[in-house]
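Worksheet: the structure to be examined is printed underneath.
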Amino acid sequence: MQKFVPTLLVAGISLALTACMQSETQDPRVTINKNPYPSTYQVLPSTATLLKNATVLTGTGERLDNTDVLLVDGKISKIGQDLTADNATTIDASGKWVTPGIIDVHSHLGVYPSPSVESHSDGNEAISPNTSEVWAEHSVWPQDPGFQAARAGGITTLQILPGSANLFGGRGVTLRNVPSHTMQGMKFPDAPYGLKMACGENPKRVYGGKKVAPSTRMGNMAGYRMAWAEAEEYKRAWDKYNADYDAGKNPTPPARDIELDTLVGVLEGEIMIHNHCYKAEEMAMMIDLGKEFNYHSGTFHHAVEGYKVADLLAENGNCAAMWPDWWGFKMEAYDMTLENVAIVDGKPNSCAIVHSDSSSTIQRLNQEAGKIMYRANENGFSLKEQDAIKWITYNAAKSLGIESETGSLEVGKKADVVLWNQNPFSVYAQAEQVFLDGAKVYDRFDEKYQAKSDFLLGQE
Amino acid sequence: MKLFKSSLLALAVAATSTWANAESLAITNATVHTANEQGVLTNATILVEDGVITAINPSAANADKVIDAQGKNLTPGIISVMNNLGLVEVGAVSRSRDAGDKGASITFDPSLAYNPKSTVIAYTRKGGITSSVVSPRGGDSLFKGQTFYTDLSGEFDSIRVANNAVYVELGAESKGSRATNLQKLTDKLADFQAKLEKAKKDDKKGDELKRDEQVLKSLLDGEKLMVVYADRASELLNIIKLKQTFGLNLAIVSAADAVVVADELAKADVPVIIDAMQNLPSSFDALNNSLDNAAKLINAGVKVVITTGGDTHNMYQLRYNAGNAIANGLTPEQALAAITSTVAEVFGLDAGEIAVGKKADLVLWSADPFELSTKVEHIWIDGKEYSTQSRSDKLRDRYMATSDMPRAYTK
C-alpha cells in the first residue's frame, strides 16, 4: 500500500514543474498516511528444518506421499524425496502429515477474549450503523489465551474482525499468530485491511430496537447505498484536490473523515470486503451493490445459504467462508445443509473456506473441514484430503489477499507449516509442531515452545 | 368407492406400523460395545423383542428381521443431557422458544411444551443420539425448573419421564453476590426440613404439602436428582457440603474447575456433567479448563458425563467431543460410558447399555463411533428403526438436482 506514495510524489513533482508558469504558490500537499500503526512483527529464532517422509498436503490440491519438506531462512526451500541438508534440524515425520499453516479468516480473538468480561468486550462499536472509522486492531488484547490455544491447533494466520452489529462494523486486521505484548508485534506485514460489513438480522435488530434506521432489510440496503454514495463524493473531492494540486493550483484539501477513508480504501481496491451475510437473496444483492458502486463484494462470511447461489458466487469471484454445521440460532441460519461447503466448492473458479468465528473451533478447523468432507462423500461427492485442506489454507489466504506469501507449501513461500501426528481430518489428529516463517512456535512435547499468556501467570 | 379404497389403505398402513412396533429384531455378527462391565463382545448377536433387549448371544436368533452387522460396531444409543431439544426451534424467534419463563420456579415443567416434530430431532439422530435429558432455561428463581427425559423418535408419545430432576443455577452473578443464591438454597432446604420434622413430631400427615413442597420433599428424600450449575472450585466444595448436610442426590453441571477438587468430588460421589471441549479460561471461575479434564476426573474416580455446551442444534456432535476427549487421554470405553451408561446411572434412566432387559436404543456404526469419517448405518429407538434423514438432506437434494424449472418444483 505504501508503494503508491512515492509514485504520487513523483507525479506531483513533475506536474508542479510544468505548472511553474502559474504564479500561485502551493502549500505542502496534504496526504493521508495509510499505515499509521505499522507492523513490528519479528520472525522468532529459527534453524533450518528438514521434515522427512511425511504425507504432504500442499494446499494447491496435491497430496505427496513419503515426501520431505525443507525450511530454510523462513521460506519453503525444497519439497521432494530423499532431501538432505547440512546443519538442518531433521524431524522424522514417517506416518505423520504436513500441511500449510492453518488460516482462519473469521476470528474475534483479542477483541472478544477469554476471560469473557465486560472490560474486554471490544468487538462491536454498536452506536451507529456505520462505524467504518473503527479498526479492530485498536481493540486487540494480545494476552488473550485463545491465541495460544489456536496455535496449538495449527493456526498461523488469522483475521480479527469487528462484530456484526453494524452495517459497516469497521476494519479487520490480519495477524501472525505469534506471542507478542503489542498488536503491532503480531500484525501481518503489508496484508491488506478488511472491511467488515453485515447483512440481515443483526443490524436491523440492533438499530430497530433503538428505533433508528435500519429496522428492516430494505433499511439495511438503503444504509449501505447512502454510505457508498457519500464515499464516492469524498473520493471525488480528494481526486479533485490532487488534480488541482498537480495542475499547480493551491487547493484547500477536503476535511479529513476517518470513516470515509476506509470506504474510499475499498473503492480504490486496497481494502477487501468481508461481509457477514447468511442468505441467498442478500448475497445476490450485495454482489449487485458492489457493481453499483464499482468495488468488489469480497468474501461472504457464514453464508449458510451459499449452496443456493454457488454459481453466482463463483461467477463473480466471491469467496464464501462457512461453518460445517452451525444453524438454527437465527431465522437466517435455518436453511443449513451439511454439504454447503462442498456444493460451493464444486463450482469452477470457486473459493470455499471453512472459518470458525469461535475461540473453540478455531482450534480444530482441521476437524471442521473433515466433517464436511466425510458428510459430502456420503452424498455423492468424492472429495479428498488434498481438496479439503484448501478450505482452511489456500482459499483462506486468497480471501485475505495474502496468497502470494502463505497458504500453500510451494518453494519460496513463507514456511508456515504444521506437522500433524496423523491424517489431520481425524478426530484424534493433533498438531505436534507448528512453524511460522520457519521458526518453531509450538511443540506439543516441549514446554519450551508452549507460550502462556500474562493473564494465566500465577493463577491457581 | 374411491373413498373406501383410501380408508382401506390407511387401515393397512396403521396395521403395518403397529405390527412393526412389535417386530422382533436380531442383530448378528456385531462388535458389541456394552458400555458396562461386559466390555466388548465380538461376533455377538443381540435379540430385541417388544422394544427390549431380550438376549445376548441366544442359541438361536429367530426374529422377524435379521441384520447382519458384518463385524461393525454396535453401541447403546447416545444420551445427550442438559439441552433444550424440542423446546427451541429457532433461537432468535421468540415464539418458537419454550425453555424459559420469567416466572418459572421449582415446579416448572417444560415437557408440556415439548415438540417432537422439531426439525432438530431428526438431525440430531445423525449423531447416534437416541434419547435426551432436556433441561429448562428457567427464569428469575434460582430453581430453573425440572428436566424431562425423552427419546428421539419424534413420535407424540416420546417423553419417557417428565420431571426427572430439578435444575438449580448457582455461580457468578453480574449483579449482586453468588453468596445470596447459595444462602437461599440452603435456607430453603433447611427451613423445609425443619417443617417436615415438626410435622412428623406433631404427627401430621404430609398430604397438605403444596406442589413446590412436594418437589422439595422428593429432593430431601434423595428420590429426585438435583442438578446444580457451578464452576468455581470453592463453590463445588460448598455444593458437596450441601449434599452431605441434606442427603441429596446431586450432580454438578459445567464444573469447569472440577479438576482442582477432583478427589473431594470422587470421595463424596458427586458426578459432574462437563463439556469436554472447554479449554479456555472463559471466566474467573474457569481458570482450569483443559481438554484433558475429562480424563483427569475419571482417573481420579469422579463419575463424568460428557455433554455438548452451547447450542442444542448441534448436539449431534457429542460423539466427536467424546472422540476429542479420547485424543486427550480417555480410553474409548471411558468415553463411551460418559455418553451412555454413566448418563443413565446419574439420571436414573432405563437405557445406556447393551444388556438383557434394557430398552433397545441401539446404533450400528460404519466404523469407529467417535471418528469424523464414521456414520450411523442403523439407529433403533425402543427397538424400532428410524431414519437420520433431516431437513438438511432435503435442502441438499433440492439444490443439487438438475432441473429446467425453479428449485421450488424439486421436492
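By convention here, the chains of the C-alpha cells are called A, B, ... in the order presented, each chain's residues are numbered starting at 1, and ligands are numbered starting at 1 in the order presented.
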
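Every residue of chain A that lies within 6 Å of chain B is listed here, counting only C-alpha atoms: Ser114, Pro115, Ser116, Gly328, Phe329, Lys330, Met336, Thr337, Lys371, Tyr374, Val427 and Tyr428 of chain A.
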
For Val161 of chain B, work out the shell of residues within 7 Å, counting only C-alpha atoms and skipping chain neighbours fewer than 3 positions away, then give it as a PyMOL selection string.
chain B and resi 148-150+164

For the selection you just gave me, I'd like the residues written to a file as a PDB file, in the first residue's frame, keeping N, CA and C atoms.
```pdb
ATOM      1  N   PHE B 148     -36.773 -33.145  31.807  1.00  0.00           N
ATOM      2  CA  PHE B 148     -37.539 -34.340  31.421  1.00  0.00           C
ATOM      3  C   PHE B 148     -36.694 -35.197  30.492  1.00  0.00           C
ATOM      4  N   TYR B 149     -37.071 -36.463  30.440  1.00  0.00           N
ATOM      5  CA  TYR B 149     -36.314 -37.428  29.646  1.00  0.00           C
ATOM      6  C   TYR B 149     -37.158 -37.874  28.466  1.00  0.00           C
ATOM      7  N   THR B 150     -36.610 -37.707  27.262  1.00  0.00           N
ATOM      8  CA  THR B 150     -37.382 -38.062  26.060  1.00  0.00           C
ATOM      9  C   THR B 150     -36.537 -38.908  25.116  1.00  0.00           C
ATOM     10  N   ASN B 164     -37.828 -35.322  35.892  1.00  0.00           N
ATOM     11  CA  ASN B 164     -36.912 -36.316  36.472  1.00  0.00           C
ATOM     12  C   ASN B 164     -35.760 -35.717  37.264  1.00  0.00           C
TER      13      ASN B 164
END
```

All residues 8 Å or closer to Pro116 of chain B, only C-alpha atoms, same chain fewer than 4 positions away omitted, as a ChimeraX atom specification:
/B:86,121,152-156,158

As a ChimeraX atom specification, please: the residues near segment 71-85 of chain A (cut-off 10 Å, only C-alpha atoms, same-chain neighbours under 4 positions excluded).
/A:43-54,56,58,64-67,89-90,405-406,408-417,435-439

Atom CA of Val105 of chain A and atom CA of Ser356 of chain A, how far apart in Å?
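Pair atom CA of Ser356 of chain A / atom CA of Val105 of chain A returns 8.0 Å.
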
DSSP on the backbone: which residues in segment 230-423 of chain A end up as strand (DSSP E)? Give the answer as a PyMOL selection string.
chain A and resi 272-277+299-302+319-322+352-354+417-420

Go ahead and write the selection's residues with N, CA, C and O atoms as a compact mmCIF listing (two decimals), in the first residue's frame.
```
# COMPACT_ATOMS: atom_id res chain seq x y z
N MET A 272 -10.28 -4.99 1.44
CA MET A 272 -11.13 -6.07 0.94
C MET A 272 -12.39 -6.21 1.80
O MET A 272 -12.32 -6.11 3.02
N ILE A 273 -13.51 -6.47 1.14
CA ILE A 273 -14.78 -6.60 1.87
C ILE A 273 -14.90 -7.99 2.52
O ILE A 273 -14.63 -9.01 1.88
N HIS A 274 -15.30 -7.99 3.79
CA HIS A 274 -15.64 -9.23 4.49
C HIS A 274 -17.04 -9.05 5.04
O HIS A 274 -17.26 -8.31 5.99
N ASN A 275 -17.98 -9.73 4.39
CA ASN A 275 -19.40 -9.43 4.59
C ASN A 275 -20.12 -10.58 5.30
O ASN A 275 -20.32 -11.65 4.74
N HIS A 276 -20.49 -10.31 6.55
CA HIS A 276 -21.34 -11.24 7.31
C HIS A 276 -22.69 -11.29 6.61
O HIS A 276 -23.40 -10.28 6.57
N CYS A 277 -23.03 -12.42 5.99
CA CYS A 277 -24.24 -12.48 5.17
C CYS A 277 -24.67 -13.94 5.03
O CYS A 277 -23.90 -14.76 4.54
N THR A 299 -15.60 -11.35 0.28
CA THR A 299 -15.88 -12.66 0.87
C THR A 299 -17.16 -12.59 1.69
O THR A 299 -17.31 -11.68 2.51
N PHE A 300 -18.05 -13.55 1.45
CA PHE A 300 -19.24 -13.67 2.30
C PHE A 300 -18.92 -14.59 3.48
O PHE A 300 -18.43 -15.70 3.28
N HIS A 301 -19.19 -14.09 4.67
CA HIS A 301 -18.91 -14.87 5.87
C HIS A 301 -20.20 -15.49 6.40
O HIS A 301 -21.24 -14.82 6.41
N HIS A 302 -20.10 -16.70 6.84
CA HIS A 302 -21.21 -17.54 7.37
C HIS A 302 -21.97 -18.19 6.21
O HIS A 302 -22.02 -19.40 6.13
N CYS A 319 -15.40 -15.26 -2.58
CA CYS A 319 -15.15 -16.36 -1.65
C CYS A 319 -16.33 -16.44 -0.69
O CYS A 319 -17.04 -15.45 -0.46
N ALA A 320 -16.55 -17.63 -0.14
CA ALA A 320 -17.56 -17.79 0.92
C ALA A 320 -16.90 -18.56 2.06
O ALA A 320 -16.34 -19.64 1.85
N ALA A 321 -16.93 -17.96 3.25
CA ALA A 321 -16.34 -18.58 4.44
C ALA A 321 -17.47 -19.11 5.31
O ALA A 321 -18.34 -18.35 5.73
N MET A 322 -17.46 -20.42 5.56
CA MET A 322 -18.65 -21.07 6.14
C MET A 322 -18.29 -21.99 7.30
O MET A 322 -17.17 -22.43 7.43
N ALA A 352 -14.17 -21.72 -1.68
CA ALA A 352 -14.85 -22.12 -0.45
C ALA A 352 -13.86 -22.16 0.70
O ALA A 352 -12.75 -22.64 0.56
N ILE A 353 -14.30 -21.62 1.83
CA ILE A 353 -13.45 -21.51 3.01
C ILE A 353 -14.22 -22.06 4.21
O ILE A 353 -15.43 -21.88 4.30
N VAL A 354 -13.50 -22.68 5.13
CA VAL A 354 -14.11 -23.05 6.41
C VAL A 354 -13.53 -22.10 7.46
O VAL A 354 -12.31 -21.99 7.60
N VAL A 417 4.03 -23.90 8.54
CA VAL A 417 3.88 -25.35 8.36
C VAL A 417 3.37 -25.99 9.64
O VAL A 417 3.75 -25.60 10.74
N VAL A 418 2.49 -26.99 9.48
CA VAL A 418 2.03 -27.78 10.63
C VAL A 418 2.41 -29.24 10.42
O VAL A 418 2.19 -29.80 9.34
N LEU A 419 2.99 -29.83 11.47
CA LEU A 419 3.27 -31.26 11.48
C LEU A 419 2.20 -31.92 12.35
O LEU A 419 2.08 -31.63 13.55
N TRP A 420 1.39 -32.79 11.74
CA TRP A 420 0.28 -33.46 12.44
C TRP A 420 0.69 -34.89 12.80
O TRP A 420 1.39 -35.54 12.04
```

Contacts of segment 53-69 of chain B within 7 Å, only C-alpha atoms, excl. fewer than 5 positions in-chain, as a ChimeraX atom specification:
/B:23-30,44-48,355-360

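Note that the spacing between atom CA of Ser290 of chain B and atom CA of Ala335 of chain B amounts to 16.1 Å.
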
Picked from segment 171-410 of chain A by DSSP as alpha helix (DSSP H), as a PyMOL selection string:
chain A and resi 201-208+217-246+258-267+280-292+310-315+340-345+365-377+385-388+394-400

Could you turn the residues from that selection into a file that holds C-alpha atoms, as a short mmCIF file (atom, residue, chain, number, x, y, z; two decimals), in the first residue's frame?
```
data_model
loop_
_atom_site.label_atom_id
_atom_site.label_comp_id
_atom_site.auth_asym_id
_atom_site.auth_seq_id
_atom_site.Cartn_x
_atom_site.Cartn_y
_atom_site.Cartn_z
CA GLU A 201 -30.91 -9.71 11.12
CA ASN A 202 -28.15 -8.27 13.31
CA PRO A 203 -28.00 -4.63 12.19
CA LYS A 204 -31.76 -4.35 11.78
CA ARG A 205 -32.30 -5.84 15.23
CA VAL A 206 -29.67 -3.71 16.99
CA TYR A 207 -30.84 -0.41 15.47
CA GLY A 208 -34.51 -1.27 15.01
CA ARG A 217 -33.64 -5.37 5.32
CA MET A 218 -34.58 -2.60 2.90
CA GLY A 219 -33.32 -0.20 5.54
CA ASN A 220 -30.04 -2.12 5.57
CA MET A 221 -29.67 -1.72 1.81
CA ALA A 222 -30.50 1.99 1.98
CA GLY A 223 -27.84 2.39 4.67
CA TYR A 224 -25.15 0.77 2.54
CA ARG A 225 -26.08 2.76 -0.55
CA MET A 226 -26.12 6.11 1.22
CA ALA A 227 -22.72 5.37 2.73
CA TRP A 228 -21.17 4.39 -0.61
CA ALA A 229 -22.68 7.43 -2.30
CA GLU A 230 -21.08 9.62 0.34
CA ALA A 231 -17.78 7.80 -0.07
CA GLU A 232 -17.87 8.44 -3.81
CA GLU A 233 -18.30 12.14 -3.17
CA TYR A 234 -15.45 12.15 -0.66
CA LYS A 235 -13.24 10.35 -3.15
CA ARG A 236 -14.15 12.88 -5.86
CA ALA A 237 -13.22 15.71 -3.52
CA TRP A 238 -9.77 14.20 -2.88
CA ASP A 239 -9.27 13.37 -6.54
CA LYS A 240 -10.10 16.96 -7.40
CA TYR A 241 -7.77 18.25 -4.72
CA ASN A 242 -4.92 16.14 -6.07
CA ALA A 243 -5.67 17.04 -9.68
CA ASP A 244 -5.78 20.75 -8.86
CA TYR A 245 -2.57 20.46 -6.88
CA ASP A 246 -0.96 18.62 -9.75
CA ILE A 258 -11.68 8.73 9.11
CA GLU A 259 -14.91 6.86 8.40
CA LEU A 260 -14.89 7.69 4.70
CA ASP A 261 -11.14 6.98 4.42
CA THR A 262 -11.99 3.33 4.96
CA LEU A 263 -14.79 3.27 2.40
CA VAL A 264 -12.60 5.04 -0.15
CA GLY A 265 -9.92 2.42 0.54
CA VAL A 266 -12.47 -0.15 -0.68
CA LEU A 267 -13.37 1.92 -3.75
CA ALA A 280 -29.02 -16.32 -0.82
CA GLU A 281 -31.10 -13.32 -1.79
CA GLU A 282 -29.00 -10.97 0.32
CA MET A 283 -25.69 -12.22 -1.11
CA ALA A 284 -27.09 -11.69 -4.62
CA MET A 285 -27.96 -8.09 -3.71
CA MET A 286 -24.59 -7.44 -2.08
CA ILE A 287 -22.89 -8.56 -5.30
CA ASP A 288 -25.01 -6.06 -7.26
CA LEU A 289 -24.32 -3.38 -4.65
CA GLY A 290 -20.61 -3.78 -5.33
CA LYS A 291 -21.27 -3.39 -9.04
CA GLU A 292 -23.44 -0.30 -8.46
CA ALA A 310 -22.99 -21.29 -5.55
CA ASP A 311 -22.93 -20.45 -9.29
CA LEU A 312 -23.34 -16.75 -8.65
CA LEU A 313 -20.51 -16.72 -6.10
CA ALA A 314 -18.13 -18.49 -8.44
CA GLU A 315 -19.05 -16.38 -11.48
CA ASN A 340 -22.92 -26.34 1.95
CA VAL A 341 -19.15 -26.00 1.69
CA ALA A 342 -18.87 -28.93 -0.71
CA ILE A 343 -21.54 -27.52 -3.03
CA VAL A 344 -19.95 -24.05 -3.07
CA ASP A 345 -16.54 -25.67 -3.63
CA LEU A 365 -10.52 -26.13 11.79
CA ASN A 366 -9.00 -29.39 10.50
CA GLN A 367 -11.84 -31.33 12.12
CA GLU A 368 -14.42 -28.81 10.91
CA ALA A 369 -13.19 -29.37 7.35
CA GLY A 370 -13.11 -33.13 7.94
CA LYS A 371 -16.76 -33.24 8.95
CA ILE A 372 -17.71 -31.57 5.66
CA MET A 373 -15.54 -33.84 3.52
CA TYR A 374 -16.92 -37.04 5.01
CA ARG A 375 -20.58 -36.00 5.00
CA ALA A 376 -20.29 -34.77 1.40
CA ASN A 377 -18.65 -38.02 0.32
CA GLU A 385 -7.78 -34.62 1.87
CA GLN A 386 -5.87 -32.54 -0.68
CA ASP A 387 -9.15 -30.82 -1.59
CA ALA A 388 -10.40 -30.23 1.97
CA TYR A 394 -5.02 -21.53 0.29
CA ASN A 395 -8.59 -20.28 -0.19
CA ALA A 396 -8.45 -18.51 3.16
CA ALA A 397 -5.19 -16.80 2.14
CA LYS A 398 -6.82 -15.73 -1.13
CA SER A 399 -9.74 -14.20 0.74
CA LEU A 400 -7.28 -12.14 2.80
#
```

Mind giving me the straight-line distance from atom CA of Tyr112 of chain A to atom CA of Ser139 of chain A in Å, one decimal?
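Result for atom CA of Tyr112 of chain A versus atom CA of Ser139 of chain A: 8.9 Å, one decimal.
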
Given the choices A:Ala149, A:Leu158, A:Leu57, A:Val304, which gets closest to Ser359 of chain A if the distance is worked out from only C-alpha atoms?
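Looking at the shortest contact to Ser359 of chain A, the residue is A:Ala149.
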